[in-house]
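Pasted below: input.cif, mmCIF, C-alpha atoms and all ligand atoms.
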data_run
loop_
_atom_site.label_atom_id
_atom_site.label_comp_id
_atom_site.auth_asym_id
_atom_site.auth_seq_id
_atom_site.Cartn_x
_atom_site.Cartn_y
_atom_site.Cartn_z
CA MET A 129 -6.40 -17.32 16.41
CA SER A 130 -4.17 -19.82 14.61
CA GLN A 131 -6.11 -19.69 11.33
CA ASP A 132 -6.20 -15.91 11.60
CA VAL A 133 -2.45 -15.33 11.54
CA TYR A 134 0.78 -17.24 10.98
CA PHE A 135 4.47 -16.45 11.15
CA ARG A 136 6.19 -16.70 7.78
CA LYS A 137 9.63 -18.26 8.25
CA ASP A 138 10.87 -17.85 4.69
CA CYS A 139 11.40 -14.92 2.33
CA ARG A 140 8.48 -14.47 -0.06
CA MET A 141 10.83 -13.44 -2.87
CA CYS A 142 13.71 -15.98 -2.64
CA CYS A 143 12.61 -18.67 -0.09
CA SER A 144 15.65 -18.02 2.13
CA THR A 145 15.14 -18.46 5.87
CA LYS A 146 17.84 -15.90 6.71
CA LEU A 147 15.34 -13.37 8.01
CA GLU A 148 16.20 -10.79 10.62
CA LYS A 149 13.81 -8.56 12.54
CA VAL A 150 14.75 -4.91 11.80
CA MET A 151 11.78 -2.91 13.02
CA GLU A 152 9.21 -3.55 15.70
CA LEU A 153 5.91 -1.71 15.68
CA ILE A 154 3.14 -2.03 18.25
CA PRO A 155 0.77 -5.00 17.74
CA THR A 156 -2.55 -3.59 16.52
CA PRO A 157 -5.82 -4.82 15.06
CA PRO A 158 -5.87 -4.36 11.26
CA GLY A 159 -5.85 -0.59 10.58
CA ASN A 160 -9.07 -0.75 8.60
CA ASN A 161 -11.10 -2.58 11.26
CA PHE A 162 -12.94 0.48 12.46
CA ILE A 163 -15.43 -0.11 15.27
CA LYS A 164 -19.12 0.43 14.64
CA LYS A 165 -20.43 0.38 18.20
CA LEU A 166 -19.08 0.70 21.73
CA PRO A 167 -18.88 -1.07 24.15
CA LEU A 168 -17.46 -3.95 22.16
CA GLU A 169 -19.29 -7.26 22.15
CA GLU A 170 -16.05 -9.16 21.57
CA PRO A 171 -12.54 -7.98 22.45
CA GLU A 172 -10.38 -6.71 19.58
CA VAL A 173 -7.56 -8.97 18.48
CA SER A 174 -4.16 -7.37 17.86
CA PHE A 175 -1.54 -8.91 15.62
CA PRO A 176 2.24 -8.36 15.72
CA LEU A 177 3.55 -5.81 13.24
CA ASP A 178 7.25 -6.43 12.79
CA LEU A 179 9.38 -5.89 9.72
CA TYR A 180 11.91 -8.56 8.66
CA PHE A 181 14.88 -8.27 6.31
CA CYS A 182 16.13 -11.09 4.09
CA SER A 183 19.93 -11.10 4.06
CA ASP A 184 19.98 -13.21 0.87
CA CYS A 185 17.92 -11.03 -1.50
CA TYR A 186 17.40 -7.85 0.65
CA HIS A 187 13.63 -8.09 0.63
CA LEU A 188 11.51 -6.62 3.45
CA GLN A 189 8.33 -8.29 4.64
CA LEU A 190 6.08 -8.49 7.68
CA GLY A 191 6.80 -11.51 9.88
CA HIS A 192 3.17 -12.18 10.67
CA VAL A 193 0.70 -12.75 7.86
CA VAL A 194 -2.90 -12.01 8.81
CA SER A 195 -5.60 -13.94 6.96
CA PRO A 196 -7.38 -11.93 4.21
CA LYS A 197 -10.62 -13.05 5.86
CA ILE A 198 -9.71 -10.85 8.86
CA LEU A 199 -8.15 -8.02 6.87
CA TYR A 200 -10.90 -7.47 4.37
CA GLN A 201 -13.97 -8.17 6.49
CA THR A 202 -15.19 -4.59 6.30
CA ASP A 203 -16.29 -3.64 2.83
CA TYR A 204 -14.83 -0.24 2.04
CA THR A 205 -15.26 -0.93 -1.63
CA TYR A 206 -12.64 1.19 -3.29
CA LEU A 207 -13.38 1.80 -6.96
CA THR A 208 -10.54 2.95 -9.21
CA ALA A 209 -12.91 5.06 -11.32
CA THR A 210 -13.69 7.29 -8.30
CA SER A 211 -10.12 8.63 -8.31
CA ALA A 212 -9.76 11.07 -11.20
CA TYR A 213 -6.01 11.17 -10.57
CA PHE A 214 -5.68 7.41 -10.93
CA VAL A 215 -7.87 7.26 -14.05
CA ARG A 216 -5.53 9.80 -15.70
CA HIS A 217 -2.53 7.78 -14.53
CA LEU A 218 -3.95 4.59 -16.10
CA THR A 219 -4.88 6.30 -19.37
CA LYS A 220 -1.31 7.50 -19.82
CA TYR A 221 -0.03 4.11 -18.66
CA ALA A 222 -1.99 2.18 -21.34
CA GLU A 223 -0.76 4.52 -24.09
CA SER A 224 2.85 4.26 -22.99
CA MET A 225 2.76 0.43 -22.71
CA VAL A 226 1.13 0.07 -26.14
CA ASN A 227 3.95 2.18 -27.61
CA LYS A 228 6.83 0.71 -25.63
CA PHE A 229 5.93 -2.93 -26.28
CA SER A 230 4.35 -2.45 -29.74
CA LEU A 231 0.99 -3.89 -28.67
CA SER A 232 -1.27 -3.92 -31.70
CA LYS A 233 -5.02 -4.19 -32.28
CA GLY A 234 -6.50 -7.55 -31.36
CA MET A 235 -3.71 -8.51 -28.94
CA LYS A 236 -4.83 -9.70 -25.51
CA VAL A 237 -4.28 -7.85 -22.23
CA ALA A 238 -5.09 -9.23 -18.76
CA ASP A 239 -5.20 -7.37 -15.44
CA ILE A 240 -4.68 -9.04 -12.05
CA GLY A 241 -6.71 -7.24 -9.41
CA SER A 242 -8.57 -5.44 -12.18
CA ASN A 243 -11.06 -3.79 -9.79
CA ASP A 244 -13.83 -1.99 -11.75
CA GLY A 245 -12.00 -2.45 -15.08
CA THR A 246 -10.74 1.14 -15.33
CA CYS A 247 -7.26 0.10 -16.45
CA LEU A 248 -8.47 -2.45 -19.00
CA ARG A 249 -10.95 0.06 -20.42
CA GLN A 250 -7.99 2.22 -21.49
CA PHE A 251 -6.45 -0.74 -23.36
CA LYS A 252 -9.82 -1.62 -24.88
CA ASN A 253 -10.18 1.95 -26.14
CA LEU A 254 -6.87 1.43 -27.93
CA GLY A 255 -8.24 -1.63 -29.76
CA LEU A 256 -6.92 -4.46 -27.59
CA GLU A 257 -8.87 -7.43 -26.27
CA VAL A 258 -9.11 -7.45 -22.48
CA ILE A 259 -9.83 -9.81 -19.60
CA GLY A 260 -9.84 -8.94 -15.88
CA VAL A 261 -9.40 -11.05 -12.74
CA ASP A 262 -10.56 -9.78 -9.36
CA PRO A 263 -11.67 -11.59 -6.18
CA ALA A 264 -14.23 -8.91 -5.19
CA THR A 265 -17.26 -10.67 -6.70
CA SER A 266 -19.71 -7.78 -6.81
CA ILE A 267 -17.18 -5.43 -8.40
CA ALA A 268 -16.21 -8.12 -10.94
CA ILE A 269 -19.85 -8.73 -11.94
CA GLU A 270 -20.44 -5.00 -12.31
CA ALA A 271 -17.29 -4.61 -14.47
CA THR A 272 -18.44 -7.46 -16.73
CA LYS A 273 -21.86 -5.82 -17.08
CA ASN A 274 -20.10 -2.61 -18.10
CA GLY A 275 -18.24 -4.35 -20.92
CA ILE A 276 -14.97 -5.44 -19.24
CA GLU A 277 -15.16 -9.21 -18.82
CA THR A 278 -13.86 -9.98 -15.33
CA VAL A 279 -13.30 -13.39 -13.73
CA PRO A 280 -14.42 -13.15 -10.08
CA ASP A 281 -11.60 -15.09 -8.42
CA PHE A 282 -8.17 -14.94 -6.75
CA PHE A 283 -5.45 -15.22 -9.38
CA SER A 284 -3.21 -18.27 -8.92
CA PHE A 285 -1.26 -20.78 -10.99
CA SER A 286 -4.19 -23.20 -11.10
CA LEU A 287 -6.59 -20.42 -12.15
CA ALA A 288 -4.11 -19.40 -14.89
CA VAL A 289 -4.15 -22.96 -16.27
CA GLY A 290 -7.94 -22.74 -16.66
CA LEU A 291 -7.81 -19.21 -18.08
CA LYS A 292 -5.24 -20.23 -20.70
CA GLU A 293 -7.44 -23.14 -21.79
CA LYS A 294 -10.52 -20.94 -22.03
CA TYR A 295 -9.10 -17.68 -23.46
CA GLY A 296 -5.75 -18.77 -24.94
CA SER A 297 -2.41 -17.19 -23.98
CA VAL A 298 -2.15 -13.42 -23.53
CA ASP A 299 0.33 -10.83 -24.82
CA PHE A 300 0.42 -8.51 -21.84
CA ILE A 301 -0.42 -8.85 -18.14
CA THR A 302 -0.69 -5.86 -15.85
CA SER A 303 -1.24 -5.45 -12.10
CA HIS A 304 -1.61 -2.26 -10.06
CA ASN A 305 -1.04 -2.09 -6.32
CA ALA A 306 -2.00 -5.71 -5.74
CA CYS A 307 1.43 -7.30 -5.33
CA ALA A 308 2.08 -5.99 -1.79
CA HIS A 309 -1.06 -7.73 -0.54
CA ILE A 310 -0.49 -11.28 -1.79
CA ASP A 311 1.03 -13.89 0.51
CA GLN A 312 1.49 -16.58 -2.16
CA LEU A 313 3.17 -14.16 -4.56
CA ASP A 314 5.34 -16.78 -6.30
CA ASP A 315 2.24 -18.80 -7.19
CA VAL A 316 0.80 -15.66 -8.82
CA PHE A 317 4.02 -15.06 -10.77
CA LYS A 318 4.10 -18.70 -11.91
CA GLY A 319 0.53 -18.21 -13.11
CA VAL A 320 1.57 -15.07 -15.00
CA SER A 321 4.46 -16.92 -16.61
CA HIS A 322 2.15 -19.78 -17.64
CA TRP A 323 -0.54 -17.52 -19.13
CA LEU A 324 1.83 -15.22 -21.12
CA ASN A 325 2.85 -16.22 -24.63
CA ASP A 326 6.58 -16.46 -25.44
CA ASN A 327 6.82 -12.78 -26.45
CA GLY A 328 4.58 -11.65 -23.61
CA VAL A 329 5.29 -8.91 -21.07
CA PHE A 330 4.23 -8.58 -17.43
CA VAL A 331 4.15 -5.11 -15.83
CA LEU A 332 3.32 -4.50 -12.19
CA GLU A 333 3.13 -1.32 -10.18
CA VAL A 334 3.72 -1.33 -6.45
CA GLY A 335 4.77 1.07 -3.65
CA TYR A 336 8.55 1.58 -3.43
CA PHE A 337 10.29 1.20 -0.08
CA VAL A 338 13.00 3.69 -1.08
CA ASP A 339 10.28 6.37 -0.97
CA VAL A 340 9.00 5.07 2.38
CA TYR A 341 12.55 5.24 3.70
CA THR A 342 13.55 8.66 2.33
CA GLN A 343 10.22 10.35 3.08
CA LEU A 344 9.63 8.53 6.41
CA TYR A 345 6.28 7.01 5.37
CA PHE A 346 6.75 4.35 8.07
CA ASP A 347 3.01 4.39 8.81
CA THR A 348 2.37 2.60 5.50
CA ILE A 349 3.60 -0.45 7.46
CA TYR A 350 0.32 -2.14 8.37
CA HIS A 351 -1.05 -5.66 8.08
CA GLU A 352 -2.66 -5.21 4.63
CA HIS A 353 0.84 -4.73 3.20
CA CYS A 354 2.69 -8.01 3.66
CA ASP A 355 5.61 -6.86 1.47
CA PHE A 356 7.68 -3.68 1.12
CA HIS A 357 9.19 -3.88 -2.31
CA THR A 358 12.48 -2.75 -3.77
CA VAL A 359 13.91 -3.66 -7.17
CA SER A 360 16.79 -6.04 -6.29
CA PRO A 361 14.68 -8.92 -4.84
CA PHE A 362 12.61 -9.10 -8.04
CA VAL A 363 15.62 -10.46 -9.96
CA LYS A 364 15.64 -13.79 -8.07
CA MET A 365 11.87 -13.91 -7.76
CA PHE A 366 11.34 -13.57 -11.52
CA GLU A 367 14.11 -16.05 -12.26
CA ARG A 368 12.54 -18.81 -10.18
CA THR A 369 9.08 -18.21 -11.69
CA GLY A 370 10.14 -18.34 -15.37
CA LEU A 371 10.33 -14.59 -15.91
CA GLU A 372 13.06 -11.99 -16.43
CA LEU A 373 13.28 -8.39 -15.17
CA ILE A 374 13.80 -6.09 -18.18
CA ALA A 375 13.09 -2.52 -17.01
CA VAL A 376 12.04 -0.41 -14.03
CA GLU A 377 10.62 3.08 -13.76
CA ARG A 378 9.94 5.23 -10.70
CA ILE A 379 6.41 6.66 -10.71
CA ALA A 380 4.42 9.05 -8.52
CA PRO A 381 1.31 7.20 -7.19
CA GLN A 382 1.02 6.33 -3.49
CA GLY A 383 3.78 8.71 -2.46
CA GLY A 384 6.25 6.86 -4.69
CA SER A 385 5.97 3.57 -6.55
CA ILE A 386 7.86 1.47 -9.08
CA ARG A 387 6.72 0.11 -12.42
CA VAL A 388 8.45 -3.25 -12.75
CA MET A 389 8.59 -4.77 -16.25
CA ALA A 390 9.34 -8.43 -16.99
CA GLN A 391 9.18 -10.83 -19.91
CA LYS A 392 9.08 -14.60 -20.23
CA LYS A 393 12.60 -15.98 -19.77
CA GLY A 394 14.29 -15.91 -23.19
CA GLY A 395 11.86 -13.29 -24.53
CA PRO A 396 12.72 -10.76 -27.26
CA HIS A 397 13.39 -7.65 -25.12
CA LYS A 398 16.85 -6.47 -24.04
CA VAL A 399 17.43 -5.78 -20.35
CA GLU A 400 17.45 -1.98 -20.07
CA SER A 401 20.00 0.05 -18.10
CA SER A 402 17.26 1.14 -15.66
CA VAL A 403 17.54 -2.27 -13.97
CA SER A 404 21.18 -1.89 -12.95
CA GLU A 405 20.69 1.83 -12.21
CA MET A 406 17.95 1.07 -9.69
CA ILE A 407 19.87 -1.81 -8.13
CA ASN A 408 22.85 0.54 -7.72
CA LEU A 409 20.66 3.21 -6.18
CA GLU A 410 19.51 0.69 -3.59
CA LYS A 411 23.12 -0.35 -2.94
CA ASP A 412 24.11 3.31 -2.47
CA LEU A 413 21.38 3.61 0.16
CA LYS A 414 22.83 0.47 1.83
CA PHE A 415 19.59 -1.42 1.34
CA ASN A 416 21.69 -4.61 1.35
CA LEU A 417 22.39 -4.17 5.08
CA ALA A 418 20.02 -4.92 7.96
CA GLU A 419 21.52 -2.02 9.99
CA THR A 420 20.07 0.47 7.51
CA PHE A 421 16.58 -0.52 8.58
CA SER A 422 17.36 -0.72 12.30
CA ASP A 423 18.71 2.84 12.01
CA PHE A 424 15.49 3.81 10.23
CA ALA A 425 13.53 2.31 13.15
CA ASP A 426 15.62 4.34 15.64
CA LYS A 427 14.92 7.51 13.69
CA ILE A 428 11.17 6.84 13.79
CA ASN A 429 11.37 6.17 17.56
CA ASP A 430 13.11 9.50 18.03
CA ILE A 431 10.44 11.35 16.03
CA GLY A 432 7.77 9.59 18.10
CA ASN A 433 9.36 10.69 21.38
CA ARG A 434 9.51 14.29 20.23
CA LEU A 435 5.88 14.28 19.06
CA LYS A 436 4.79 12.70 22.33
CA THR A 437 6.59 15.47 24.27
CA ILE A 438 4.79 18.18 22.25
CA ILE A 439 1.43 16.56 22.93
CA THR A 440 2.08 15.89 26.64
CA ASP A 441 3.15 19.52 27.13
CA LEU A 442 -0.02 20.81 25.45
CA LYS A 443 -2.23 18.52 27.53
CA ALA A 444 -0.42 19.64 30.71
CA LYS A 445 -1.44 23.20 29.77
CA SER A 446 -5.05 21.97 29.35
CA PHE A 447 -5.24 22.59 25.61
CA SER A 448 -7.71 20.47 23.65
CA ILE A 449 -6.41 18.37 20.75
CA ALA A 450 -8.27 16.75 17.86
CA ALA A 451 -6.88 14.96 14.81
CA TYR A 452 -7.48 15.17 11.06
CA GLY A 453 -7.97 12.11 8.83
CA ALA A 454 -8.46 8.43 9.63
CA PRO A 455 -6.57 6.59 6.88
CA THR A 456 -5.55 2.97 7.55
CA LYS A 457 -2.06 4.14 8.42
CA ALA A 458 -3.35 6.34 11.28
CA THR A 459 -3.65 3.23 13.48
CA THR A 460 0.04 2.44 12.94
CA LEU A 461 1.08 6.01 13.67
CA LEU A 462 -1.03 6.54 16.81
CA ASN A 463 -0.05 3.23 18.35
CA LYS A 464 3.61 3.44 17.48
CA PHE A 465 3.81 6.89 19.06
CA GLY A 466 1.66 5.94 22.07
CA ILE A 467 -1.02 8.55 21.36
CA GLY A 468 -4.62 7.64 22.20
CA GLY A 469 -7.95 8.83 23.52
CA GLU A 470 -6.32 10.44 26.59
CA SER A 471 -4.81 13.08 24.27
CA ILE A 472 -7.03 13.16 21.19
CA ASP A 473 -10.72 14.02 21.77
CA PHE A 474 -11.96 13.16 18.27
CA ILE A 475 -10.83 12.69 14.67
CA VAL A 476 -12.44 14.60 11.81
CA GLU A 477 -12.74 12.77 8.50
CA ASP A 478 -14.13 13.76 5.08
CA ASN A 479 -15.05 10.17 4.10
CA LEU A 480 -18.76 9.68 4.94
CA LEU A 481 -18.29 5.91 5.35
CA LYS A 482 -15.92 6.41 8.27
CA GLN A 483 -17.91 9.10 10.10
CA GLY A 484 -19.63 7.73 13.20
CA LEU A 485 -17.10 4.91 13.63
CA TYR A 486 -14.31 4.55 16.19
CA MET A 487 -10.60 3.98 15.64
CA PRO A 488 -9.32 0.45 16.24
CA LEU A 489 -7.65 0.05 19.65
CA SER A 490 -7.72 3.72 20.78
CA HIS A 491 -11.50 3.98 20.21
CA ILE A 492 -11.21 7.68 19.35
CA PRO A 493 -14.52 8.73 17.71
CA ILE A 494 -14.45 9.69 14.02
CA VAL A 495 -16.74 12.63 13.24
CA PRO A 496 -17.59 14.87 10.26
CA THR A 497 -15.05 17.58 9.41
CA GLU A 498 -17.50 20.38 10.39
CA GLU A 499 -16.99 19.36 14.04
CA MET A 500 -13.60 21.04 13.85
CA TYR A 501 -15.41 24.37 13.53
CA LYS A 502 -18.16 23.59 16.04
CA ARG A 503 -15.96 22.25 18.84
CA LYS A 504 -12.94 24.45 18.04
CA PRO A 505 -10.10 22.31 19.41
CA ASP A 506 -6.96 24.35 20.23
CA TYR A 507 -4.77 21.98 18.20
CA VAL A 508 -5.37 19.55 15.34
CA LEU A 509 -2.87 16.74 14.71
CA ILE A 510 -2.77 15.92 10.99
CA LEU A 511 -2.76 12.11 10.66
CA ALA A 512 -3.08 12.23 6.86
CA TRP A 513 0.25 14.08 7.09
CA ASN A 514 1.37 13.47 3.50
CA PHE A 515 -1.55 15.74 2.52
CA ALA A 516 -0.74 18.37 5.19
CA GLU A 517 -0.27 21.22 2.69
CA PRO A 518 -3.67 20.90 0.94
CA ILE A 519 -5.43 20.22 4.28
CA MET A 520 -4.02 23.39 5.85
CA GLU A 521 -4.88 25.33 2.70
CA ILE A 522 -8.52 24.16 2.70
CA HIS A 523 -8.87 24.83 6.44
CA LYS A 524 -7.27 28.28 6.54
CA GLN A 525 -10.41 29.42 8.36
CA TYR A 526 -9.64 27.17 11.37
CA PHE A 527 -6.12 28.52 11.38
CA GLU A 528 -7.27 32.15 11.08
CA SER A 529 -9.72 31.73 13.96
CA GLY A 530 -6.82 30.92 16.28
CA GLY A 531 -6.40 27.15 15.81
CA HIS A 532 -3.06 25.40 15.34
CA PHE A 533 -2.03 22.36 13.37
CA ILE A 534 0.46 19.76 14.58
CA LEU A 535 2.47 17.89 11.94
CA PRO A 536 3.75 14.50 13.13
CA LEU A 537 6.20 13.87 10.28
CA PRO A 538 8.70 14.29 8.71
CA GLU A 539 9.56 16.61 11.65
CA PRO A 540 7.11 16.92 14.56
CA LYS A 541 6.13 20.59 14.76
CA ILE A 542 3.35 23.05 15.52
CA VAL A 543 2.23 25.31 12.68
ZN ZN A 601 14.94 -13.20 0.11
#
What's the structure tokens form of this structure?
Amino acid sequence: MSQDVYFRKDCRMCCSTKLEKVMELIPTPPGNNFIKKLPLEEPEVSFPLDLYFCSDCYHLQLGHVVSPKILYQTDYTYLTATSAYFVRHLTKYAESMVNKFSLSKGMKVADIGSNDGTCLRQFKNLGLEVIGVDPATSIAIEATKNGIETVPDFFSFSLAVGLKEKYGSVDFITSHNACAHIDQLDDVFKGVSHWLNDNGVFVLEVGYFVDVYTQLYFDTIYHEHCDFHTVSPFVKMFERTGLELIAVERIAPQGGSIRVMAQKKGGPHKVESSVSEMINLEKDLKFNLAETFSDFADKINDIGNRLKTIITDLKAKSFSIAAYGAPTKATTLLNKFGIGGESIDFIVEDNLLKQGLYMPLSHIPIVPTEEMYKRKPDYVLILAWNFAEPIMEIHKQYFESGGHFILPLPEPKIV
């Protein structure tokens, strides 16, 4: 157990030990550790899932850090290229970065967590030289075969030293949705700072906690995300790793993200007004106060109680209830709200890889979506609730044949 998880006593962004617990979720196994076969040969291990606030830099992070060995043991190999939406996002991204930072032909671009090389391919198409780094060995080898040279390793300061020797310094480093998953984040940033040349720029994209907070996406709090980022804490973090925050932009992916732009300390770019605007926005939301997040936790508890009442009432009237969608965050939601196999008969899921498996902890079976029409549950709780509109649109037929949907968030209600 001890190598599997540890409690982080200091802030990942500023090293302060002034951390305060602001939200307590229910300890769960990692949300992606679906069960292949029941009964279990070995008992499941649950890990605490509590959110801590740093009163020095206002960063939010999970107290307990679960080893990547435990988190990523199942191989749901996500490939960027399979999401048409994200490919379009990255194409536009590459064009806008080339323009904004005057990247010209022959300059070098690196990507940390480059996955199948989709992002770098866009830069390559624009005439730049590219190099990827990704720890998923098979994906890295495949990307290299397809023309995007990818180093199959975890990015770190020591790796950056070797990369700089081998490839020379780079002009631009990019990273998409990797920074919330990295425990030794300052080592990564020091590596970035080392590898960039003096005029170099580092741009990362990561989920934005302001969107989690305003849209109640609390179920994105699960063990794979060790950080919940806002703009303010990046100022100190960049400073102590030899970088400087120069601009921020709010972007759409993942229900709301930020594009954070930095240069080497003393670089040629002026700090744009977007930096102070975003820091002020966070101040206006009182993101510098721990109470803000305890109040958020109370609000989520209240929503949970109301949803639980709806479900208990339906069960008391002997209605059958199924659920729709088994994303990673469904484990957080079900456990936080105390909803399990006693209420939910089965979960329908479009993803073939998840069909036939069981949910962690609750052991609710995951079945193909057609089962919704065969077994005709009276109610279907939408766990992938941020996609409720398109799901209800696609499954009008279920609705028209007398079924009802239950939305858990932002307001628990029956449709
Ligand atoms: Zn801090």
Expected selection as a list in words for ligand ZN 601 (chain A) within 7 Å, only C-alpha atoms and all ligand atoms: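 The neighbouring residues of ligand ZN 601 (chain A) are, in order, Cys139, Arg140, Met141, Cys142, Cys143, Ser144, Cys182, Ser183, Asp184, Cys185, Tyr186, His187 and Pro361 of chain A.
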query: Hey, can you check how far atom CA of Lys393 of chain A sits from atom CA of Glu367 of chain A?
result: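 Pair atom CA of Lys393 of chain A / atom CA of Glu367 of chain A returns 7.7 Å.
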message: For a quick check of understanding, using all atoms listed in the file, which of A:Lys457, A:His491, A:Lys411, A:His309 has the smallest distance to Phe162 of chain A?
response: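 Result for the nearest residue to Phe162 of chain A: A:His491.
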task: Tell me which protein, DNA and RNA residues are within 7 Å of segment 166-174 of chain A, counting all atoms listed in the file, leaving out same-chain ones fewer than 6 positions away, and put them as number ranges by chain.
output: A: 155-157
Please dump the current selection as a tab-separated table (two decimals), keeping the file's coordinate frame; keep C-alpha atoms.
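Now in again.tsv:
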chain	number	residue	atom	x	y	z
A	155	PRO	CA	0.77	-5.00	17.74
A	156	THR	CA	-2.55	-3.59	16.52
A	157	PRO	CA	-5.82	-4.82	15.06
statement: Between A:Thr246, A:Thr437, A:Thr460, A:Ser422, smallest distance to Pro540 of chain A by all atoms listed in the file belongs to A:Thr437
field: atom CA of Phe317 of chain A to atom CA of Lys392 of chain A, straight-line distance in Å
entry: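 Atom-to-atom, atom CA of Lys392 of chain A and atom CA of Phe317 of chain A are spaced 10.7 Å apart.
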- request: Write out as a list in words which residues come within 9 Å of segment 267-280 of chain A when counting all atoms listed in the file, dropping same-chain ones fewer than 4 positions away.
  value: Thr205, Leu207, Ser242, Asn243, Asp244, Gly245, Thr246, Leu248, Arg249, Lys252, Val258, Ile259, Gly260, Val261, Asp262 and Pro263 of chain A
field: Met225 of chain A environment, 12 Å, only C-alpha atoms, sequence neighbours closer than 6 positions dropped, as a VMD selection string
entry: chain A and resid 218 to 219 231 to 232 237 247 250 to 251 254 256 299 to 302 329 to 332 387 389
Selection above as a file: C-alpha atoms, as a tab-separated table (two decimals), in the frame of the given file:
chain	number	residue	atom	x	y	z
A	218	LEU	CA	-3.95	4.59	-16.10
A	219	THR	CA	-4.88	6.30	-19.37
A	231	LEU	CA	0.99	-3.89	-28.67
A	232	SER	CA	-1.27	-3.92	-31.70
A	237	VAL	CA	-4.28	-7.85	-22.23
A	247	CYS	CA	-7.26	0.10	-16.45
A	250	GLN	CA	-7.99	2.22	-21.49
A	251	PHE	CA	-6.45	-0.74	-23.36
A	254	LEU	CA	-6.87	1.43	-27.93
A	256	LEU	CA	-6.92	-4.46	-27.59
A	299	ASP	CA	0.33	-10.83	-24.82
A	300	PHE	CA	0.42	-8.51	-21.84
A	301	ILE	CA	-0.42	-8.85	-18.14
A	302	THR	CA	-0.69	-5.86	-15.85
A	329	VAL	CA	5.29	-8.91	-21.07
A	330	PHE	CA	4.23	-8.58	-17.43
A	331	VAL	CA	4.15	-5.11	-15.83
A	332	LEU	CA	3.32	-4.50	-12.19
A	387	ARG	CA	6.72	0.11	-12.42
A	389	MET	CA	8.59	-4.77	-16.25
Please define a box with edges along x, y and z of the file around all atoms of segment 281-293 of chain A given in the file, extend it by 4 Å on each side, and return its centre and edge lengths in Å to one decimal, as lines of an AutoDock Vina configuration file.
center_x = -6.4
center_y = -19.1
center_z = -14.3
size_x = 18.3
size_y = 16.3
size_z = 23.0
- prompt: How many Å lie between atom CA of Phe282 of chain A and atom CA of Gly241 of chain A, rounded to one decimal?
  reply: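 Those two atoms sit 8.3 Å apart.
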- prompt: Pick from A:Ile154, A:Leu461, A:Ala380, A:Ala212: nearest to Leu344 of chain A, with all atoms listed in the file counted?
  reply: A:Leu461
field: Minimum-distance residue to Thr420 of chain A, chosen among A:Val495, A:Ala308, A:Val338, A:Ile198 (using all atoms listed in the file)
entry: A:Val338
- prompt: Using all atoms listed in the file, which of the listed residues (A:Met406, A:Leu489, A:Val359, A:Ala306) sits closest to Ile240 of chain A?
  reply: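 Counting all atoms listed in the file, the residue closest to Ile240 of chain A is A:Ala306.
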query: Leaving out Pro496 of chain A and any residue of its chain fewer than 3 positions from it, which residues lie within 7 Å of it when counting only C-alpha atoms, given as a count of residues only?
result: 5
Ser471 of chain A surroundings by all atoms listed in the file, 10 Å radius, close-in-sequence under 3 positions cut, as a PyMOL selection string: chain A and resi 436+439-440+442-443+447-451+466-468+474+492
message: Under the rule that all atoms listed in the file are counted, which of A:Ser303, A:Phe175, A:Lys445, A:Ala458 is the nearest residue to Val388 of chain A?
response: A:Ser303
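Residues having any atom no farther than 12 Å from (-12.0, 5.6, 2.7) (counting all atoms listed in the file) are Gly159, Asn160, Asn161, Phe162, Thr202, Asp203, Tyr204, Thr205, Tyr206, Leu207, Thr210, Ser211, Gly453, Ala454, Pro455, Thr456, Lys457, Glu477, Asp478, Asn479, Leu480, Leu481, Lys482, Gln483 and Ala512 of chain A.
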Quick one: segment 481-487 of chain A with N, CA, C and O atoms, as a PDB file, keeping the file's coordinate frame?
ATOM      1  N   LEU A 481     -18.206   7.302   4.868  1.00  0.00           N
ATOM      2  CA  LEU A 481     -18.290   5.910   5.350  1.00  0.00           C
ATOM      3  C   LEU A 481     -17.607   5.710   6.699  1.00  0.00           C
ATOM      4  O   LEU A 481     -17.938   4.792   7.428  1.00  0.00           O
ATOM      5  N   LYS A 482     -16.655   6.573   7.009  1.00  0.00           N
ATOM      6  CA  LYS A 482     -15.920   6.410   8.270  1.00  0.00           C
ATOM      7  C   LYS A 482     -16.512   7.251   9.404  1.00  0.00           C
ATOM      8  O   LYS A 482     -16.224   7.009  10.571  1.00  0.00           O
ATOM      9  N   GLN A 483     -17.331   8.240   9.055  1.00  0.00           N
ATOM     10  CA  GLN A 483     -17.910   9.100  10.100  1.00  0.00           C
ATOM     11  C   GLN A 483     -18.852   8.278  10.983  1.00  0.00           C
ATOM     12  O   GLN A 483     -19.631   7.476  10.489  1.00  0.00           O
ATOM     13  N   GLY A 484     -18.776   8.486  12.284  1.00  0.00           N
ATOM     14  CA  GLY A 484     -19.630   7.730  13.200  1.00  0.00           C
ATOM     15  C   GLY A 484     -18.980   6.459  13.714  1.00  0.00           C
ATOM     16  O   GLY A 484     -19.508   5.795  14.601  1.00  0.00           O
ATOM     17  N   LEU A 485     -17.811   6.112  13.156  1.00  0.00           N
ATOM     18  CA  LEU A 485     -17.100   4.910  13.630  1.00  0.00           C
ATOM     19  C   LEU A 485     -16.048   5.321  14.666  1.00  0.00           C
ATOM     20  O   LEU A 485     -15.863   6.507  14.947  1.00  0.00           O
ATOM     21  N   TYR A 486     -15.375   4.305  15.223  1.00  0.00           N
ATOM     22  CA  TYR A 486     -14.310   4.550  16.190  1.00  0.00           C
ATOM     23  C   TYR A 486     -13.018   3.910  15.685  1.00  0.00           C
ATOM     24  O   TYR A 486     -13.054   2.877  15.030  1.00  0.00           O
ATOM     25  N   MET A 487     -11.895   4.534  16.039  1.00  0.00           N
ATOM     26  CA  MET A 487     -10.600   3.980  15.640  1.00  0.00           C
ATOM     27  C   MET A 487     -10.376   2.625  16.302  1.00  0.00           C
ATOM     28  O   MET A 487     -10.768   2.428  17.458  1.00  0.00           O
TER      29      MET A 487
END
